[in-house]
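Source file: query.cif (mmCIF, C-alpha atoms)
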```cif
data_structure
#
loop_
_atom_site.group_PDB
_atom_site.id
_atom_site.type_symbol
_atom_site.label_atom_id
_atom_site.label_comp_id
_atom_site.auth_asym_id
_atom_site.auth_seq_id
_atom_site.Cartn_x
_atom_site.Cartn_y
_atom_site.Cartn_z
ATOM 1 C CA MET A 76 137.594 87.973 91.236
ATOM 2 C CA ALA A 77 135.540 90.789 92.769
ATOM 3 C CA ALA A 78 137.912 93.385 91.324
ATOM 4 C CA ALA A 79 137.667 91.757 87.904
ATOM 5 C CA ARG A 80 133.862 91.835 88.027
ATOM 6 C CA VAL A 81 133.905 95.521 88.979
ATOM 7 C CA ALA A 82 136.326 96.295 86.150
ATOM 8 C CA MET A 83 134.131 94.414 83.690
ATOM 9 C CA TRP A 84 131.029 96.264 84.926
ATOM 10 C CA VAL A 85 132.709 99.666 84.546
ATOM 11 C CA ALA A 86 133.849 98.710 81.055
ATOM 12 C CA CYS A 87 130.260 97.819 80.146
ATOM 13 C CA VAL A 88 129.022 101.174 81.445
ATOM 14 C CA LEU A 89 131.648 102.989 79.389
ATOM 15 C CA ALA A 90 130.717 100.988 76.313
ATOM 16 C CA MET A 91 127.060 101.831 76.754
ATOM 17 C CA ALA A 92 127.927 105.525 77.159
ATOM 18 C CA ALA A 93 129.924 105.428 73.932
ATOM 19 C CA ALA A 94 127.056 103.725 72.122
ATOM 20 C CA CYS A 95 124.616 106.332 73.393
ATOM 21 C CA GLN A 96 126.877 109.150 72.218
ATOM 22 C CA GLY A 97 126.932 107.442 68.836
ATOM 23 C CA ARG A 98 123.171 107.841 68.540
ATOM 24 C CA LEU A 99 123.437 111.555 69.261
ATOM 25 C CA ARG A 100 124.805 114.129 66.865
ATOM 26 C CA VAL A 101 125.472 117.835 66.657
ATOM 27 C CA GLY A 102 122.918 119.585 64.472
ATOM 28 C CA TYR A 103 120.350 116.833 64.980
ATOM 29 C CA TYR A 104 117.446 119.278 64.487
ATOM 30 C CA LYS A 105 118.947 121.146 61.525
ATOM 31 C CA ARG A 106 116.417 119.574 59.155
ATOM 32 C CA LYS A 107 113.821 118.402 61.663
ATOM 33 C CA CYS A 108 113.374 121.766 63.427
ATOM 34 C CA ALA A 109 115.974 124.331 62.380
ATOM 35 C CA PRO A 110 115.042 127.030 64.943
ATOM 36 C CA ALA A 111 114.977 124.666 67.951
ATOM 37 C CA GLU A 112 118.302 125.587 69.557
ATOM 38 C CA TYR A 113 117.851 129.294 68.859
ATOM 39 C CA VAL A 114 114.404 129.265 70.451
ATOM 40 C CA VAL A 115 115.687 127.560 73.594
ATOM 41 C CA ARG A 116 118.635 129.963 73.859
ATOM 42 C CA ALA A 117 116.324 132.987 73.605
ATOM 43 C CA VAL A 118 114.068 131.702 76.401
ATOM 44 C CA VAL A 119 117.020 130.790 78.642
ATOM 45 C CA GLY A 120 118.825 134.067 78.003
ATOM 46 C CA ASN A 121 115.776 136.064 79.013
ATOM 47 C CA ALA A 122 115.338 134.003 82.192
ATOM 48 C CA VAL A 123 119.006 134.271 83.212
ATOM 49 C CA ARG A 124 119.056 138.022 82.676
ATOM 50 C CA GLN A 125 116.101 138.347 85.025
ATOM 51 C CA ASN A 126 117.450 135.910 87.629
ATOM 52 C CA PRO A 127 120.915 134.338 87.395
ATOM 53 C CA GLY A 128 119.899 131.841 90.085
ATOM 54 C CA VAL A 129 117.482 130.216 87.666
ATOM 55 C CA GLY A 130 120.373 129.594 85.290
ATOM 56 C CA ALA A 131 122.288 127.894 88.079
ATOM 57 C CA GLY A 132 119.228 125.729 88.709
ATOM 58 C CA ILE A 133 119.090 124.652 85.061
ATOM 59 C CA VAL A 134 122.745 123.586 85.064
ATOM 60 C CA ARG A 135 122.093 121.582 88.223
ATOM 61 C CA MET A 136 118.928 120.122 86.663
ATOM 62 C CA PHE A 137 120.918 118.652 83.773
ATOM 63 C CA PHE A 138 123.252 116.901 86.214
ATOM 64 C CA HIS A 139 120.366 115.616 88.356
ATOM 65 C CA ASP A 140 118.501 114.408 85.279
ATOM 66 C CA CYS A 141 121.435 112.554 83.740
ATOM 67 C CA PHE A 142 122.530 110.776 86.924
ATOM 68 C CA VAL A 143 119.071 109.282 87.526
ATOM 69 C CA GLN A 144 117.607 107.153 84.697
ATOM 70 C CA GLY A 145 119.984 108.858 82.256
ATOM 71 C CA CYS A 146 119.530 112.108 80.318
ATOM 72 C CA ASP A 147 115.840 111.559 79.644
ATOM 73 C CA ALA A 148 113.937 114.450 81.285
ATOM 74 C CA SER A 149 112.596 112.099 83.960
ATOM 75 C CA VAL A 150 113.351 114.835 86.498
ATOM 76 C CA LEU A 151 110.587 116.951 84.925
ATOM 77 C CA LEU A 152 107.706 114.549 85.500
ATOM 78 C CA ASP A 153 105.024 115.687 87.945
ATOM 79 C CA PRO A 154 103.455 113.381 90.537
ATOM 80 C CA THR A 155 100.377 111.447 89.427
ATOM 81 C CA ALA A 156 97.980 109.027 91.055
ATOM 82 C CA ALA A 157 99.933 106.182 89.460
ATOM 83 C CA ASN A 158 103.304 107.642 90.504
ATOM 84 C CA PRO A 159 102.967 109.996 93.493
ATOM 85 C CA GLN A 160 106.731 110.156 94.129
ATOM 86 C CA PRO A 161 108.673 111.081 90.959
ATOM 87 C CA GLU A 162 112.284 112.276 90.931
ATOM 88 C CA LYS A 163 111.450 115.936 91.392
ATOM 89 C CA LEU A 164 110.092 115.113 94.865
ATOM 90 C CA GLY A 165 113.219 113.215 95.925
ATOM 91 C CA PRO A 166 115.158 114.839 98.804
ATOM 92 C CA PRO A 167 118.056 116.015 96.598
ATOM 93 C CA ASN A 168 115.569 117.832 94.341
ATOM 94 C CA PHE A 169 112.750 119.054 96.532
ATOM 95 C CA PRO A 170 112.386 121.876 97.279
ATOM 96 C CA SER A 171 115.769 123.114 96.020
ATOM 97 C CA LEU A 172 115.763 122.271 92.306
ATOM 98 C CA ARG A 173 114.832 125.265 90.152
ATOM 99 C CA GLY A 174 114.162 126.161 86.537
ATOM 100 C CA PHE A 175 111.176 123.968 85.688
ATOM 101 C CA GLU A 176 109.165 126.955 84.454
ATOM 102 C CA VAL A 177 111.976 127.895 82.042
ATOM 103 C CA ILE A 178 111.969 124.412 80.520
ATOM 104 C CA ASP A 179 108.164 124.622 80.226
ATOM 105 C CA ALA A 180 108.460 127.967 78.408
ATOM 106 C CA ALA A 181 111.160 126.653 76.084
ATOM 107 C CA LYS A 182 109.128 123.542 75.284
ATOM 108 C CA ALA A 183 106.012 125.640 74.553
ATOM 109 C CA ALA A 184 107.976 127.897 72.217
ATOM 110 C CA VAL A 185 109.585 124.970 70.407
ATOM 111 C CA GLU A 186 106.257 123.155 70.102
ATOM 112 C CA LYS A 187 104.782 126.252 68.484
ATOM 113 C CA ALA A 188 107.519 126.171 65.859
ATOM 114 C CA CYS A 189 107.795 122.388 65.408
ATOM 115 C CA PRO A 190 105.073 120.324 67.110
ATOM 116 C CA GLY A 191 106.098 116.882 68.363
ATOM 117 C CA VAL A 192 109.709 117.014 67.168
ATOM 118 C CA VAL A 193 112.025 118.148 69.999
ATOM 119 C CA SER A 194 112.357 116.089 73.156
ATOM 120 C CA CYS A 195 112.287 117.566 76.635
ATOM 121 C CA ALA A 196 115.579 115.776 77.320
ATOM 122 C CA ASP A 197 117.254 117.713 74.516
ATOM 123 C CA ILE A 198 115.692 120.943 75.731
ATOM 124 C CA ILE A 199 117.296 120.413 79.169
ATOM 125 C CA ALA A 200 120.662 119.734 77.502
ATOM 126 C CA PHE A 201 120.384 122.863 75.333
ATOM 127 C CA ALA A 202 119.160 124.951 78.264
ATOM 128 C CA ALA A 203 122.053 123.877 80.523
ATOM 129 C CA ARG A 204 124.508 124.685 77.733
ATOM 130 C CA ASP A 205 122.913 128.096 77.205
ATOM 131 C CA ALA A 206 122.668 128.909 80.916
ATOM 132 C CA SER A 207 126.388 128.131 81.217
ATOM 133 C CA PHE A 208 127.112 130.437 78.297
ATOM 134 C CA PHE A 209 125.219 133.392 79.741
ATOM 135 C CA LEU A 210 126.423 132.886 83.317
ATOM 136 C CA SER A 211 130.053 132.730 82.162
ATOM 137 C CA GLY A 212 129.824 135.810 79.977
ATOM 138 C CA GLY A 213 130.393 133.625 76.936
ATOM 139 C CA GLY A 214 133.403 131.872 78.429
ATOM 140 C CA ILE A 215 131.666 128.479 78.293
ATOM 141 C CA SER A 216 130.580 127.834 74.725
ATOM 142 C CA TYR A 217 130.078 124.484 73.057
ATOM 143 C CA ARG A 218 127.942 122.487 70.655
ATOM 144 C CA ILE A 219 126.121 119.561 72.198
ATOM 145 C CA PRO A 220 124.880 116.489 70.347
ATOM 146 C CA ALA A 221 121.130 115.902 70.377
ATOM 147 C CA GLY A 222 118.637 113.175 69.572
ATOM 148 C CA ARG A 223 117.689 112.105 73.089
ATOM 149 C CA LEU A 224 114.271 110.672 73.884
ATOM 150 C CA ASP A 225 112.174 111.289 76.983
ATOM 151 C CA GLY A 226 111.847 108.546 79.574
ATOM 152 C CA ARG A 227 108.655 107.198 81.087
ATOM 153 C CA VAL A 228 110.036 106.164 84.498
ATOM 154 C CA SER A 229 110.700 108.593 87.355
ATOM 155 C CA LEU A 230 111.205 107.436 90.949
ATOM 156 C CA ALA A 231 112.048 109.643 93.924
ATOM 157 C CA ASN A 232 113.978 106.922 95.746
ATOM 158 C CA GLU A 233 116.462 106.650 92.876
ATOM 159 C CA THR A 234 117.650 110.196 93.531
ATOM 160 C CA LEU A 235 119.134 109.059 96.839
ATOM 161 C CA ALA A 236 120.723 106.042 95.182
ATOM 162 C CA PHE A 237 122.474 107.878 92.339
ATOM 163 C CA LEU A 238 122.965 111.564 93.187
ATOM 164 C CA PRO A 239 126.131 112.124 95.253
ATOM 165 C CA PRO A 240 125.222 114.044 98.437
ATOM 166 C CA PRO A 241 127.293 116.967 99.774
ATOM 167 C CA VAL A 242 128.709 114.763 102.576
ATOM 168 C CA PHE A 243 130.493 112.325 100.229
ATOM 169 C CA ASN A 244 134.237 111.823 100.605
ATOM 170 C CA LEU A 245 136.590 111.550 97.633
ATOM 171 C CA THR A 246 136.372 107.762 97.308
ATOM 172 C CA GLN A 247 132.588 107.901 97.271
ATOM 173 C CA LEU A 248 132.545 110.761 94.756
ATOM 174 C CA VAL A 249 134.851 108.969 92.342
ATOM 175 C CA ALA A 250 132.787 105.771 92.595
ATOM 176 C CA SER A 251 129.538 107.663 92.037
ATOM 177 C CA PHE A 252 130.846 109.263 88.850
ATOM 178 C CA GLN A 253 132.505 106.068 87.613
ATOM 179 C CA ALA A 254 129.139 104.330 87.890
ATOM 180 C CA LYS A 255 127.922 106.729 85.198
ATOM 181 C CA GLY A 256 130.941 106.363 82.932
ATOM 182 C CA LEU A 257 132.680 109.534 84.155
ATOM 183 C CA ASP A 258 136.194 109.662 85.572
ATOM 184 C CA ALA A 259 137.859 111.590 88.402
ATOM 185 C CA ASP A 260 138.768 114.462 86.100
ATOM 186 C CA ASP A 261 135.127 114.763 85.007
ATOM 187 C CA MET A 262 134.113 114.771 88.663
ATOM 188 C CA VAL A 263 136.506 117.565 89.592
ATOM 189 C CA THR A 264 135.508 119.517 86.490
ATOM 190 C CA LEU A 265 131.747 119.205 86.984
ATOM 191 C CA SER A 266 132.122 120.097 90.675
ATOM 192 C CA GLY A 267 133.081 123.525 89.370
ATOM 193 C CA ALA A 268 129.384 124.168 88.777
ATOM 194 C CA HIS A 269 129.348 125.020 92.491
ATOM 195 C CA THR A 270 130.773 128.348 91.379
ATOM 196 C CA ILE A 271 127.156 129.458 90.911
ATOM 197 C CA GLY A 272 123.906 129.054 92.800
ATOM 198 C CA ARG A 273 122.819 128.853 96.401
ATOM 199 C CA SER A 274 122.684 126.127 99.041
ATOM 200 C CA HIS A 275 120.457 125.470 102.032
ATOM 201 C CA CYS A 276 122.229 125.719 105.373
ATOM 202 C CA SER A 277 121.207 122.147 106.194
ATOM 203 C CA SER A 278 123.577 120.889 103.483
ATOM 204 C CA PHE A 279 126.683 122.065 105.344
ATOM 205 C CA ALA A 280 125.592 122.851 108.933
ATOM 206 C CA ASP A 281 127.801 120.078 110.305
ATOM 207 C CA ARG A 282 130.889 121.915 108.993
ATOM 208 C CA LEU A 283 130.274 125.183 110.858
ATOM 209 C CA SER A 284 131.497 124.072 114.276
ATOM 210 C CA PRO A 285 134.940 122.746 115.269
ATOM 211 C CA PRO A 286 136.519 120.471 114.380
ATOM 212 C CA SER A 287 136.227 121.580 110.764
ATOM 213 C CA ASP A 288 138.614 122.239 107.915
ATOM 214 C CA MET A 289 136.500 125.188 106.719
ATOM 215 C CA ASP A 290 138.165 128.594 106.790
ATOM 216 C CA PRO A 291 137.313 130.054 110.242
ATOM 217 C CA GLY A 292 136.267 133.390 108.782
ATOM 218 C CA LEU A 293 133.830 131.765 106.361
ATOM 219 C CA ALA A 294 132.483 129.500 109.104
ATOM 220 C CA ALA A 295 131.837 132.514 111.363
ATOM 221 C CA ALA A 296 130.081 134.391 108.547
ATOM 222 C CA LEU A 297 127.885 131.397 107.807
ATOM 223 C CA ARG A 298 126.998 130.880 111.471
ATOM 224 C CA SER A 299 125.609 134.414 111.442
ATOM 225 C CA LYS A 300 123.302 133.496 108.548
ATOM 226 C CA CYS A 301 122.331 129.919 109.381
ATOM 227 C CA PRO A 302 120.335 128.591 112.352
ATOM 228 C CA ALA A 303 122.168 126.191 114.661
ATOM 229 C CA SER A 304 119.791 123.384 113.704
ATOM 230 C CA PRO A 305 118.245 123.987 110.259
ATOM 231 C CA ASN A 306 114.932 122.300 109.571
ATOM 232 C CA PHE A 307 112.336 122.203 106.809
ATOM 233 C CA THR A 308 110.670 125.429 108.012
ATOM 234 C CA ASP A 309 113.899 127.257 108.923
ATOM 235 C CA ASP A 310 116.591 126.533 106.359
ATOM 236 C CA PRO A 311 117.942 129.717 104.696
ATOM 237 C CA THR A 312 120.102 129.696 101.593
ATOM 238 C CA VAL A 313 123.531 131.239 101.024
ATOM 239 C CA ALA A 314 125.675 131.754 97.926
ATOM 240 C CA GLN A 315 127.905 128.800 97.127
ATOM 241 C CA ASP A 316 130.613 131.192 95.921
ATOM 242 C CA ALA A 317 130.611 134.394 97.973
ATOM 243 C CA VAL A 318 133.242 136.045 95.740
ATOM 244 C CA THR A 319 131.513 135.844 92.344
ATOM 245 C CA PRO A 320 128.056 134.505 93.245
ATOM 246 C CA ASP A 321 126.393 135.211 89.882
ATOM 247 C CA ARG A 322 129.164 134.173 87.510
ATOM 248 C CA MET A 323 130.446 130.795 86.356
ATOM 249 C CA ASP A 324 134.229 131.032 86.581
ATOM 250 C CA ARG A 325 137.340 129.424 88.101
ATOM 251 C CA GLN A 326 136.847 131.197 91.443
ATOM 252 C CA TYR A 327 135.380 127.979 92.836
ATOM 253 C CA TYR A 328 138.773 126.272 92.597
ATOM 254 C CA ARG A 329 140.477 129.161 94.358
ATOM 255 C CA ASN A 330 137.865 128.790 97.070
ATOM 256 C CA VAL A 331 138.643 125.066 97.357
ATOM 257 C CA LEU A 332 142.357 125.817 97.784
ATOM 258 C CA ASP A 333 141.542 128.478 100.401
ATOM 259 C CA ARG A 334 139.140 126.090 102.180
ATOM 260 C CA LYS A 335 136.313 128.544 101.601
ATOM 261 C CA VAL A 336 133.767 126.049 100.289
ATOM 262 C CA LEU A 337 130.505 124.825 101.767
ATOM 263 C CA PHE A 338 130.355 121.073 101.294
ATOM 264 C CA ASP A 339 132.380 118.106 102.483
ATOM 265 C CA SER A 340 132.349 117.010 98.843
ATOM 266 C CA ASP A 341 133.998 120.296 97.800
ATOM 267 C CA ALA A 342 136.715 120.039 100.454
ATOM 268 C CA ALA A 343 137.261 116.387 99.484
ATOM 269 C CA LEU A 344 138.807 117.426 96.166
ATOM 270 C CA LEU A 345 142.033 118.134 98.082
ATOM 271 C CA ALA A 346 142.119 114.646 99.622
ATOM 272 C CA SER A 347 144.426 113.160 96.978
ATOM 273 C CA ARG A 348 147.417 114.513 95.115
ATOM 274 C CA PRO A 349 145.920 113.914 91.650
ATOM 275 C CA THR A 350 142.598 115.669 92.355
ATOM 276 C CA ALA A 351 144.311 118.460 94.303
ATOM 277 C CA ALA A 352 146.551 119.030 91.289
ATOM 278 C CA MET A 353 143.480 119.241 89.041
ATOM 279 C CA VAL A 354 142.015 121.858 91.383
ATOM 280 C CA ALA A 355 145.238 123.871 91.333
ATOM 281 C CA ARG A 356 145.474 123.797 87.526
ATOM 282 C CA ASN A 357 141.862 124.911 87.144
ATOM 283 C CA ALA A 358 142.418 127.729 89.628
ATOM 284 C CA ALA A 359 145.573 128.989 87.920
ATOM 285 C CA ALA A 360 144.880 128.862 84.194
ATOM 286 C CA ARG A 361 142.422 131.291 82.640
ATOM 287 C CA GLY A 362 139.953 129.487 80.389
ATOM 288 C CA ARG A 363 141.158 125.987 81.269
ATOM 289 C CA TRP A 364 138.214 125.031 83.451
ATOM 290 C CA GLU A 365 135.692 126.528 81.039
ATOM 291 C CA ARG A 366 136.984 124.368 78.184
ATOM 292 C CA ARG A 367 137.079 121.243 80.314
ATOM 293 C CA PHE A 368 133.610 121.939 81.701
ATOM 294 C CA ALA A 369 132.226 122.148 78.174
ATOM 295 C CA ARG A 370 133.728 118.737 77.307
ATOM 296 C CA ALA A 371 132.477 117.180 80.542
ATOM 297 C CA MET A 372 128.942 118.454 79.954
ATOM 298 C CA VAL A 373 128.907 116.894 76.492
ATOM 299 C CA LYS A 374 130.212 113.617 77.909
ATOM 300 C CA MET A 375 127.631 113.626 80.711
ATOM 301 C CA GLY A 376 124.927 114.305 78.139
ATOM 302 C CA GLY A 377 125.438 110.812 76.708
ATOM 303 C CA ILE A 378 124.573 108.912 79.876
ATOM 304 C CA GLU A 379 121.979 106.145 79.398
ATOM 305 C CA VAL A 380 120.187 107.737 76.458
ATOM 306 C CA LYS A 381 116.792 106.158 75.795
ATOM 307 C CA THR A 382 115.880 104.273 72.638
ATOM 308 C CA ALA A 383 112.563 104.022 70.823
ATOM 309 C CA ALA A 384 111.807 100.961 72.956
ATOM 310 C CA ASN A 385 111.798 102.905 76.217
ATOM 311 C CA GLY A 386 111.563 106.541 75.188
ATOM 312 C CA GLU A 387 109.295 109.033 73.472
ATOM 313 C CA ILE A 388 109.000 112.718 72.586
ATOM 314 C CA ARG A 389 106.647 114.145 75.176
ATOM 315 C CA ARG A 390 104.035 116.641 74.120
ATOM 316 C CA MET A 391 104.280 118.221 77.572
ATOM 317 C CA CYS A 392 107.423 117.893 79.653
ATOM 318 C CA ARG A 393 105.621 117.308 82.953
ATOM 319 C CA VAL A 394 103.616 114.245 81.873
ATOM 320 C CA VAL A 395 104.228 111.149 79.767
ATOM 321 C CA ASN A 396 102.245 110.762 76.562
ATOM 322 C CA GLU A 397 99.047 108.766 76.858
#
```
Could you spell out this file's structure in structure tokens?
Amino acid sequence: MAAARVAMWVACVLAMAAACQGRLRVGYYKRKCAPAEYVVRAVVGNAVRQNPGVGAGIVRMFFHDCFVQGCDASVLLDPTAANPQPEKLGPPNFPSLRGFEVIDAAKAAVEKACPGVVSCADIIAFAARDASFFLSGGGISYRIPAGRLDGRVSLANETLAFLPPPVFNLTQLVASFQAKGLDADDMVTLSGAHTIGRSHCSSFADRLSPPSDMDPGLAAALRSKCPASPNFTDDPTVAQDAVTPDRMDRQYYRNVLDRKVLFDSDAALLASRPTAAMVARNAAARGRWERRFARAMVKMGGIEVKTAANGEIRRMCRVVNE
């Protein structure tokens, strides 16, 4: 009976995801605000050229937004007297999440062209798409449906409930993604975003000393950069992919196979034959991961999209409309 209830619940989640995707469409702003996507791409391109790490932050922001309250820009909301602990202050986001100023700049530019038309949630989706494009040298290119609304609820404690931490094992990872209507293949594919960006030493410090399945050479190199006991005031960052740190590519999957990855959740992809095979295929075939990543990003972009009953188009991305 319990298994049947779980199956029914997952089916409901998938149905809701499909319904949400149905409300979104490619070219949504063609008549409402024709320059919207071009404006966002220009802002993101300029930011990524100046600092590729900001692009990595924007890709991560899209994931963190969609997994908590759905793809509704709730991750952008600042603390207020009424809500002193929004998502952006949750432990998975603070102080590591980056790119807020780029979304602000994109929103300001879009508002100048088309006031009150383009949601912050869509701007995050466009920005993540565009950051992926620039960071991959054009290898990741896709059209993403739009028409999302911005949410009014943002709670820090929900980040711990819904965002999979770097210590998750394979079973926990699969369950976390299934809860959002994504399957194991989506999970392996989206994990490839760890090909770019940086991580605090505290996220993987437990893997640097034996017993550990991390490559001994990588572990030794990381021990030279990370304190033995990282804390809030002493927690350096290192590149997640030491081989191609500023490029989104399939190198991540080669790193997984070579056990040269930072997180337990990265190493966990080899814990089953099916997921290990996915890793191997992504590592071997040029362009395969990029195409699958594009599809997974579009699919993730349909999670729990808001309706007019619980959403709005914010005038400013950091605060709800009055």
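In this model, the gap between atom CA of A:Gly222 and atom CA of A:Tyr113 comes to 16.2 Å.
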Notebook entry, point to check: For the file shown, what are the residues hit by the PyMOL selection byres ((chain A and resi 181) around 9), laid out as a PyMOL selection string?
Noted result: chain A and resi 114-119+176-180+182-186+198+202
Spell out the residues picked by the PyMOL selection byres ((chain A and resi 340-349) around 7) here, as a PDB file with C-alpha atoms, keeping the file's coordinate frame.
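Done, and the output landed in result_14.pdb:
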```pdb
ATOM      1  CA  PRO A 241     127.293 116.967  99.774  1.00  0.00           C
ATOM      2  CA  VAL A 242     128.709 114.763 102.576  1.00  0.00           C
ATOM      3  CA  PHE A 243     130.493 112.325 100.229  1.00  0.00           C
ATOM      4  CA  ASN A 244     134.237 111.823 100.605  1.00  0.00           C
ATOM      5  CA  LEU A 245     136.590 111.550  97.633  1.00  0.00           C
ATOM      6  CA  VAL A 263     136.506 117.565  89.592  1.00  0.00           C
ATOM      7  CA  VAL A 331     138.643 125.066  97.357  1.00  0.00           C
ATOM      8  CA  ARG A 334     139.140 126.090 102.180  1.00  0.00           C
ATOM      9  CA  VAL A 336     133.767 126.049 100.289  1.00  0.00           C
ATOM     10  CA  LEU A 337     130.505 124.825 101.767  1.00  0.00           C
ATOM     11  CA  PHE A 338     130.355 121.073 101.294  1.00  0.00           C
ATOM     12  CA  ASP A 339     132.380 118.106 102.483  1.00  0.00           C
ATOM     13  CA  THR A 350     142.598 115.669  92.355  1.00  0.00           C
ATOM     14  CA  ALA A 351     144.311 118.460  94.303  1.00  0.00           C
ATOM     15  CA  ALA A 352     146.551 119.030  91.289  1.00  0.00           C
ATOM     16  CA  MET A 353     143.480 119.241  89.041  1.00  0.00           C
TER      17      MET A 353
END
```
Next item on the list: Given the file shown, determine the residues that the PyMOL selection byres ((chain A and resi 323) around 10) selects; report them as a VMD selection string.
Entry: chain A and resid 131 206 to 215 267 to 272 316 319 to 322 324 to 327 365
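Considering all atoms listed in the file, the residue among A:Gly256, A:Pro127, A:Pro302, A:Gly226 positioned nearest to A:Leu151 is A:Gly226.
For the atom pair formed by atom CA of A:Pro285 and atom CA of A:Lys335, the distance is 14.9 Å, given to one decimal.
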Which stretch 219-296 of chain A residues have any atom within 10 Å of an atom of stretch 376-385 of chain A, and for each, what is the nearest pair of atoms with distance in Å to one decimal, counting only C-alpha atoms, rows sorted by chain and number, as CSV?
```
residue,atom,partner,partner_atom,distance
A:Ile219,CA,A:Gly376,CA,8.0
A:Pro220,CA,A:Gly376,CA,8.1
A:Ala221,CA,A:Gly376,CA,8.8
A:Gly222,CA,A:Val380,CA,8.9
A:Arg223,CA,A:Val380,CA,6.1
A:Leu224,CA,A:Lys381,CA,5.5
A:Asp225,CA,A:Lys381,CA,7.0
A:Gly226,CA,A:Asn385,CA,6.6
A:Arg227,CA,A:Asn385,CA,7.2
A:Val228,CA,A:Asn385,CA,9.1
A:Lys255,CA,A:Ile378,CA,6.7
A:Gly256,CA,A:Ile378,CA,7.5
A:Leu257,CA,A:Ile378,CA,9.2
```
Check: Residues at most 7 Å from stretch 280-283 of chain A, counting all atoms listed in the file, excluding those fewer than 3 positions away in the same chain, as number ranges by chain?
Finding: A: 276-277, 287, 289, 294, 298
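Put simply, atom CA of A:Arg124 is 15.2 Å away from atom CA of A:Arg204.
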Next item on the list: Excluding A:Glu233 and any residue of its chain fewer than 2 positions from it, enumerate the residues within 12 Å of it, using all atoms listed in the file, and give them as a PyMOL selection string.
Entry: chain A and resi 139-145+149-150+160-168+228-231+235-239
Could you please take those selected residues and save C-alpha atoms as a CSV table (one decimal), in the frame of the given file?
```csv
chain,number,residue,atom,x,y,z
A,139,HIS,CA,120.4,115.6,88.4
A,140,ASP,CA,118.5,114.4,85.3
A,141,CYS,CA,121.4,112.6,83.7
A,142,PHE,CA,122.5,110.8,86.9
A,143,VAL,CA,119.1,109.3,87.5
A,144,GLN,CA,117.6,107.2,84.7
A,145,GLY,CA,120.0,108.9,82.3
A,149,SER,CA,112.6,112.1,84.0
A,150,VAL,CA,113.4,114.8,86.5
A,160,GLN,CA,106.7,110.2,94.1
A,161,PRO,CA,108.7,111.1,91.0
A,162,GLU,CA,112.3,112.3,90.9
A,163,LYS,CA,111.4,115.9,91.4
A,164,LEU,CA,110.1,115.1,94.9
A,165,GLY,CA,113.2,113.2,95.9
A,166,PRO,CA,115.2,114.8,98.8
A,167,PRO,CA,118.1,116.0,96.6
A,168,ASN,CA,115.6,117.8,94.3
A,228,VAL,CA,110.0,106.2,84.5
A,229,SER,CA,110.7,108.6,87.4
A,230,LEU,CA,111.2,107.4,90.9
A,231,ALA,CA,112.0,109.6,93.9
A,235,LEU,CA,119.1,109.1,96.8
A,236,ALA,CA,120.7,106.0,95.2
A,237,PHE,CA,122.5,107.9,92.3
A,238,LEU,CA,123.0,111.6,93.2
A,239,PRO,CA,126.1,112.1,95.3
```
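Distance annotation: of A:Thr264, A:Ala188, A:Ser274, A:Asp309, the residue with the minimal separation from A:Arg363 is A:Thr264; atom set is all atoms listed in the file.
The residue that comes closest to A:Lys107, out of A:Gly132, A:Gly386, A:Pro190, A:Pro305 and on the basis of all atoms listed in the file, is A:Pro190.
Shortest separation to A:Tyr217 among A:Tyr103, A:Phe368, A:Met136, A:Met375 occurs at residue A:Phe368, atoms counted being only C-alpha atoms.
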Report, as JSON, the centre and edge lengths in Å (one decimal) of the axis-aligned box enclosing every listed atom of stretch 289-296 of chain A, padded by 3 Å on each side.
```
{"center_x": 134.1, "center_y": 129.8, "center_z": 108.9, "size_x": 14.1, "size_y": 15.2, "size_z": 11.0}
```
Checklist line | Selection: 9 Å around A:Arg218, only C-alpha atoms, excl. self and same-chain fewer than 4 positions, as a list in words | finding: Val101, Gly102, Phe201, Arg204, Ala369 and Val373 of chain A
Margin query: Using only C-alpha atoms for the distances, tell me which of A:Ala200, A:Ala355, A:Met391, A:Leu293 is nearest to A:Gln315.
Written below: A:Leu293
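Shortest atom-to-atom contact with A:Thr246 among A:Leu152, A:Met262, A:Ala295, A:Asn232: A:Met262, counting only C-alpha atoms.
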